[in-house]
Amino acid sequence: MNPLQILRVAGRALMRNKLRSLLTTLGVVIGVGAVIAMVALGEGARAKVEASFASMGANLLIVLPGSVTSGGARGGFGSASTLTWDDLRAIQNELGSSVAYAAPQLRAQGQVVSEDTNWSTSITGTSPDYFLIRNWACTDGTTFSKSDVEGSNKVVVLGATVAENLFGVGVSPVGETVRIKNNPFTVVGVLARKGQSPMGQDYDDATFVPYTTFQTKVQGGPQKFIAGGIFISAAPGQVSRAQEQVSALLRDRHRLGEGADNDFSIRNMAEMASEQQDSAQTLAILLASIAAVSLLVGGIGIMNIMLVSVTERTREIGIRMAIGARPRDILLQFLVEALTLSMLGGVLGLGLGIGGAAIGAKFGWPTEIQPEVAMVAIAFSALVGVVFGLYPARKASQLDPIEALRFE
C-alpha cells in the first residue's frame with residue numbers, strides 16, 4: 001500500500017468512532033494548550049521584569065550613603081551623610097574608562113502649584129546627565145542644560161503624570177509657570193512615560209530641577225554632603241568593573257582601613273534584574289513541566305485506545321492479511337492512526353494555548369507567546385503519538401492471520 005492509501009484507511013477507521021477519537025485527543029489537547037499558555041505567562045512575567053529594570057536606566061549603579069547608629073539602633077542605608085560633592089566629582093573625573101555618566105539625586109516631597117490647581121509629588125534635584133543615565137527623553141520641550149545648573153536657574157521638567165494633573169491631558173505646559181516651595185519655576189519640558197517601577201512606584205509622578213537650584217530653593221542652602229544618592233551609568237560591558245572601581249575609590253577617599261565596613265552602599269540594578277529574571281524563568285519552567293505531564297497522560301490515553309482498537313479489529317486485521325496486506329502495512333496503518341490523533345490534539349492544543357494566553361492578557365497578566373515553544377509542543381505531541389502508538393501498532397502487525405480470522 002502507498003502512503004496515501006494508508007492515510008485514507010487510517011482516517012476512515014478513526015471517523016467510524018468520532019467521539020472516541022475526540023475524547024482520546026483531549027489529553028494531548030490539554031497538555032499542549034497548558035504548555036503554551038504557561039510558557040507564555042512565564043515569558044510575559046520575565047519580559048515585564050526586564051522592561052521594568054530597563055526603564056530604570058542602562059547599566060545602572062546607585063550609590064547610597066551609609067547608616068547611622070544611635071543608642072544601639074542602626075538606621076538603614078541613607079540615614080547617615082557620607083557622600084560628598086567631591087566624591088561625585090572624583091567618580092566623574094577619575095573613572096572615565098568604566099563610568100559613562102554620574103549624576104546626583106536629591107529628593108524631597110512637595111506641592112507643585114499651577115495657576116488653576118496643585119499636585120503633591122516628588123521633587124528631584126539633579127544634573128542633565130541624569131536623563132542620559134535613565135534613557136529618559138522629553139516628548140515636549142527639553143531637559144534643562146548645564147548652564148541652568150551653573151546659573152541655578154529656576155526651571156523644571158515635569159513627569160507625564162504631574163503635567164496631566166496640573167494642566168490636563170493633551171495640553172502643553174512648556175513655558176508655563178509653576179510654584180515649588182513658593183518659588184516660581186518655568187516649565188521647560190515634559191518627560192516621556194516610563195510607567196511603574198518593579199516596586200509599583202509611578203516613575204512619571206515626579207518633577208526635576210537643577211541640583212543647584214534644589215539646594216538653594218528647596219533644600220535650604222548648599223551643603224557639603226549629598227543629601228541623597230549618586231546615579232551612575234557604567235560603560236557597556238563594564239558594570240562589574242565600574243562597581244569595583246567606585247567602591248575602591250570611595251573607600252580610599254573615606255579613609256576606610258582594611259577590614260572596615262563600607263560607609264556607603266552600591267546597588268547593581270543589573271544583578272537585581274538578573275535575579276528577578278532567573279526567578280521568573282524558573283517559575284516558567286516549573287509551570288511548563290507540570291503542564292507537560294498532561295502530554296504524557298494524553299500519550300497513555302492514545303496507547304490505551306489503540307490497544308482497544310487492535311482487539312476490536314482483530315478479525316479485520318486477519319482479513320486484510322489474508323488478502324495480501326503485509327505486517328508493515330498493518331504497522332503503518334495503526335501508527336498513522338496514533339500519529340493522526342496526537343497531531344490533531346497538538347493543533348487543537350495550539351489554539352487552546354493561544355486562546356488561554358489571550359484571555360490572560362485581557363485580565364492584565366503579562367503574556368508573551370513564543371513561536372518556537374509552540375512548534376516544539378506540537379512536535380512533542382507528534383513524538384508522543386509515535387512512541388505510545390508503536391506498541392499497539394507492533395502488536396497488530398504481529399497477529400497470526402489464521403488466529404485473527406477465528407477471532408469473534
# chains A, B, ... in the order shown; residues from 1 in each chain; ligands from 1
>>> residues_around(residues="region 177-180 of chain A", least_positions_apart="3", cutoff="7 Å", atoms="only C-alpha atoms", output="VMD selection string")
chain A and resid 111 to 114 183 to 187
>>> residues_around(residues="Ser127 (chain A)", least_positions_apart="4", cutoff="9 Å", atoms="only C-alpha atoms", output="tab-separated table (two decimals) with N, CA and C atoms, in the first residue's frame")
chain	number	residue	atom	x	y	z
A	102	ALA	N	27.66	60.16	35.63
A	102	ALA	CA	27.34	60.13	37.05
A	102	ALA	C	26.59	61.41	37.38
A	103	ALA	N	25.52	61.28	38.17
A	103	ALA	CA	24.69	62.44	38.49
A	103	ALA	C	24.14	62.30	39.89
A	104	PRO	N	23.98	63.43	40.61
A	104	PRO	CA	23.39	63.37	41.94
A	104	PRO	C	21.88	63.22	41.86
A	105	GLN	N	21.30	62.71	42.92
A	105	GLN	CA	19.85	62.66	43.04
A	105	GLN	C	19.47	63.15	44.43
A	131	PHE	N	19.30	62.32	33.01
A	131	PHE	CA	18.34	61.89	31.97
A	131	PHE	C	19.01	60.96	30.95
A	144	PHE	N	16.65	70.49	31.19
A	144	PHE	CA	17.48	71.65	31.47
A	144	PHE	C	18.93	71.35	31.10
A	145	SER	N	19.74	72.40	30.99
A	145	SER	CA	21.11	72.27	30.50
A	145	SER	C	22.13	72.49	31.62
A	146	LYS	N	23.40	72.32	31.28
A	146	LYS	CA	24.48	72.57	32.25
A	146	LYS	C	24.51	74.03	32.67
A	149	VAL	N	22.24	74.56	35.43
A	149	VAL	CA	22.80	74.10	36.70
A	149	VAL	C	23.80	75.14	37.22
A	209	VAL	N	14.52	69.45	38.85
A	209	VAL	CA	15.09	70.79	38.78
A	209	VAL	C	16.61	70.67	38.87
A	210	PRO	N	17.37	71.68	38.43
A	210	PRO	CA	18.84	71.63	38.60
A	210	PRO	C	19.21	71.48	40.08
A	211	TYR	N	20.21	70.67	40.37
A	211	TYR	CA	20.52	70.39	41.77
A	211	TYR	C	20.99	71.63	42.52
A	212	THR	N	21.60	72.58	41.81
A	212	THR	CA	22.00	73.83	42.47
A	212	THR	C	20.77	74.63	42.89
>>> closest_residue(among="A:Val157, A:Leu341, A:Ala90, A:Ile226", to="Asp252 (chain A)", atoms="only C-alpha atoms")
A:Ala90
>>> residues_around(residues="Ser97 (chain A)", least_positions_apart="4", cutoff="9 Å", atoms="only C-alpha atoms", output="PyMOL selection string")
chain A and resi 235+238+242
>>> residues_around(residues="Val387 (chain A)", least_positions_apart="6", cutoff="12 Å", atoms="only C-alpha atoms", output="PyMOL selection string")
chain A and resi 296+298-300+302-303+335-336+338-339+342+380-381+393-394
>>> write_last_selection(atoms="N, CA and C atoms", output="CSV table (one decimal), in the first residue's frame")
chain,number,residue,atom,x,y,z
A,296,LEU,N,2.0,13.5,28.6
A,296,LEU,CA,2.3,12.1,28.9
A,296,LEU,C,1.0,11.3,29.2
A,298,GLY,N,-1.9,12.1,28.1
A,298,GLY,CA,-2.5,12.0,26.8
A,298,GLY,C,-2.0,10.9,25.9
A,299,GLY,N,-0.6,10.7,26.0
A,299,GLY,CA,0.0,9.6,25.3
A,299,GLY,C,-0.4,8.3,25.8
A,300,ILE,N,-0.6,8.1,27.1
A,300,ILE,CA,-1.0,6.9,27.7
A,300,ILE,C,-2.5,6.6,27.2
A,302,ILE,N,-3.8,7.5,24.4
A,302,ILE,CA,-3.7,7.1,23.0
A,302,ILE,C,-3.3,5.6,22.9
A,303,MET,N,-2.3,5.2,23.7
A,303,MET,CA,-1.9,3.8,23.7
A,303,MET,C,-3.1,2.9,24.2
A,335,LEU,N,0.1,3.0,13.3
A,335,LEU,CA,1.0,4.1,13.7
A,335,LEU,C,0.4,5.4,13.1
A,336,VAL,N,-0.1,5.4,11.9
A,336,VAL,CA,-0.6,6.6,11.3
A,336,VAL,C,-1.9,7.1,12.1
A,338,ALA,N,-2.5,6.6,15.3
A,338,ALA,CA,-2.0,7.2,16.6
A,338,ALA,C,-1.4,8.6,16.3
A,339,LEU,N,-0.6,8.7,15.3
A,339,LEU,CA,0.0,10.0,14.9
A,339,LEU,C,-1.0,11.0,14.6
A,342,SER,N,-2.6,12.3,17.8
A,342,SER,CA,-1.8,13.2,18.6
A,342,SER,C,-1.6,14.5,17.8
A,380,PHE,N,6.4,17.7,19.9
A,380,PHE,CA,6.4,16.7,21.1
A,380,PHE,C,5.2,15.9,21.1
A,381,SER,N,4.0,16.5,20.7
A,381,SER,CA,2.8,15.8,20.7
A,381,SER,C,2.8,14.7,19.6
A,393,ALA,N,0.7,-0.7,17.5
A,393,ALA,CA,0.9,-1.0,16.1
A,393,ALA,C,1.7,-2.3,15.8
A,394,ARG,N,2.7,-2.5,16.6
A,394,ARG,CA,3.5,-3.7,16.5
A,394,ARG,C,2.7,-4.9,16.9
>>> residues_around(residues="Met343 (chain A)", least_positions_apart="6", cutoff="8 Å", atoms="only C-alpha atoms", output="number ranges by chain")
A: 378, 381-382, 385
>>> select_by_dssp(residues="region 250-405 of chain A", states="strand (DSSP E or B)", output="PyMOL selection string")
chain A and resi 264-268
>>> select_by_dssp(residues="region 81-222 of chain A", states="helix (DSSP H, G or I)", output="ChimeraX atom specification")
/A:85-94,129-133,146-150,160-167,211-219
>>> write_last_selection(atoms="N, CA and C atoms", output="compact mmCIF listing (two decimals), in the first residue's frame")
# COMPACT_ATOMS: atom_id res chain seq x y z
N TRP A 85 30.14 66.08 47.64
CA TRP A 85 30.17 66.53 46.25
C TRP A 85 31.55 66.27 45.64
N ASP A 86 32.57 66.25 46.46
CA ASP A 86 33.92 65.91 45.95
C ASP A 86 33.97 64.44 45.53
N ASP A 87 33.23 63.58 46.24
CA ASP A 87 33.15 62.17 45.84
C ASP A 87 32.54 62.05 44.45
N LEU A 88 31.49 62.81 44.21
CA LEU A 88 30.83 62.78 42.89
C LEU A 88 31.79 63.24 41.80
N ARG A 89 32.49 64.34 42.05
CA ARG A 89 33.43 64.84 41.04
C ARG A 89 34.58 63.86 40.80
N ALA A 90 35.00 63.16 41.86
CA ALA A 90 36.07 62.17 41.70
C ALA A 90 35.60 61.01 40.82
N ILE A 91 34.38 60.56 41.03
CA ILE A 91 33.82 59.49 40.20
C ILE A 91 33.74 59.93 38.75
N GLN A 92 33.30 61.18 38.52
CA GLN A 92 33.17 61.69 37.16
C GLN A 92 34.52 61.86 36.47
N ASN A 93 35.53 62.29 37.21
CA ASN A 93 36.81 62.66 36.59
C ASN A 93 37.85 61.55 36.58
N GLU A 94 37.77 60.63 37.56
CA GLU A 94 38.85 59.64 37.70
C GLU A 94 38.48 58.25 37.17
N ASP A 129 22.95 64.95 33.08
CA ASP A 129 23.40 63.57 32.85
C ASP A 129 22.42 62.54 33.41
N TYR A 130 21.63 62.95 34.39
CA TYR A 130 20.65 62.04 35.00
C TYR A 130 19.71 61.48 33.94
N PHE A 131 19.30 62.32 33.01
CA PHE A 131 18.34 61.89 31.97
C PHE A 131 19.01 60.96 30.95
N LEU A 132 20.32 61.13 30.76
CA LEU A 132 21.06 60.20 29.90
C LEU A 132 21.21 58.85 30.59
N ILE A 133 21.47 58.88 31.90
CA ILE A 133 21.60 57.64 32.67
C ILE A 133 20.30 56.85 32.63
N LYS A 146 23.40 72.32 31.28
CA LYS A 146 24.48 72.57 32.25
C LYS A 146 24.51 74.03 32.67
N SER A 147 24.18 74.91 31.73
CA SER A 147 24.17 76.34 32.08
C SER A 147 23.07 76.64 33.09
N ASP A 148 21.95 75.87 33.03
CA ASP A 148 20.89 76.04 34.02
C ASP A 148 21.40 75.62 35.40
N VAL A 149 22.24 74.56 35.43
CA VAL A 149 22.80 74.10 36.70
C VAL A 149 23.80 75.14 37.22
N GLU A 150 24.67 75.62 36.35
CA GLU A 150 25.69 76.58 36.77
C GLU A 150 25.05 77.90 37.24
N ALA A 160 5.11 62.94 33.19
CA ALA A 160 3.84 62.95 32.47
C ALA A 160 2.64 63.00 33.41
N THR A 161 2.71 62.28 34.52
CA THR A 161 1.59 62.27 35.48
C THR A 161 1.37 63.65 36.07
N VAL A 162 2.46 64.32 36.45
CA VAL A 162 2.35 65.65 37.04
C VAL A 162 1.79 66.64 36.02
N ALA A 163 2.30 66.58 34.78
CA ALA A 163 1.85 67.50 33.74
C ALA A 163 0.35 67.36 33.49
N GLU A 164 -0.14 66.12 33.45
CA GLU A 164 -1.56 65.89 33.19
C GLU A 164 -2.43 66.39 34.34
N ASN A 165 -1.97 66.21 35.57
CA ASN A 165 -2.77 66.63 36.72
C ASN A 165 -2.76 68.13 36.93
N LEU A 166 -1.71 68.79 36.46
CA LEU A 166 -1.64 70.24 36.64
C LEU A 166 -2.26 71.00 35.46
N PHE A 167 -2.10 70.46 34.24
CA PHE A 167 -2.52 71.22 33.07
C PHE A 167 -3.55 70.50 32.19
N TYR A 211 20.21 70.67 40.37
CA TYR A 211 20.52 70.39 41.77
C TYR A 211 20.99 71.63 42.52
N THR A 212 21.60 72.58 41.81
CA THR A 212 22.00 73.83 42.47
C THR A 212 20.77 74.63 42.89
N THR A 213 19.76 74.62 42.04
CA THR A 213 18.51 75.31 42.38
C THR A 213 17.80 74.59 43.52
N PHE A 214 17.86 73.27 43.50
CA PHE A 214 17.25 72.48 44.58
C PHE A 214 17.89 72.84 45.92
N GLN A 215 19.22 72.98 45.92
CA GLN A 215 19.92 73.28 47.17
C GLN A 215 19.48 74.63 47.75
N THR A 216 19.32 75.62 46.89
CA THR A 216 19.02 76.96 47.39
C THR A 216 17.53 77.21 47.61
N LYS A 217 16.67 76.62 46.78
CA LYS A 217 15.24 76.94 46.84
C LYS A 217 14.40 75.86 47.53
N VAL A 218 14.89 74.63 47.57
CA VAL A 218 14.11 73.53 48.16
C VAL A 218 14.77 73.01 49.42
N GLN A 219 16.06 72.78 49.35
CA GLN A 219 16.78 72.17 50.47
C GLN A 219 17.10 73.18 51.57
>>> closest_residue(among="A:Gly110, A:Gly33, A:Gly151, A:Gly168", to="Asn182 (chain A)", atoms="only C-alpha atoms")
A:Gly110
>>> closest_residue(among="A:Gly355, A:Ile317, A:Leu295, A:Ile305", to="Leu383 (chain A)", atoms="only C-alpha atoms")
A:Leu295
>>> residues_around(residues="Ala40 (chain A)", least_positions_apart="6", cutoff="6 Å", atoms="only C-alpha atoms", output="list of chain:residue names")
A:Thr367, A:Glu368, A:Ile369
>>> write_last_selection(atoms="N, CA and C atoms", output="PDB file, in the first residue's frame")
ATOM      1  N   THR A 367       1.739  38.404  29.044  1.00  0.00           N
ATOM      2  CA  THR A 367       1.922  37.158  28.285  1.00  0.00           C
ATOM      3  C   THR A 367       2.815  37.434  27.079  1.00  0.00           C
ATOM      4  N   GLU A 368       3.568  36.429  26.704  1.00  0.00           N
ATOM      5  CA  GLU A 368       4.429  36.538  25.523  1.00  0.00           C
ATOM      6  C   GLU A 368       4.537  35.158  24.890  1.00  0.00           C
ATOM      7  N   ILE A 369       3.797  34.956  23.811  1.00  0.00           N
ATOM      8  CA  ILE A 369       3.774  33.650  23.145  1.00  0.00           C
ATOM      9  C   ILE A 369       5.062  33.461  22.351  1.00  0.00           C
TER      10      ILE A 369
END
>>> atom_distance(atom1="CA of Phe334 (chain A)", atom2="CA of Leu26 (chain A)")
19.0 Å
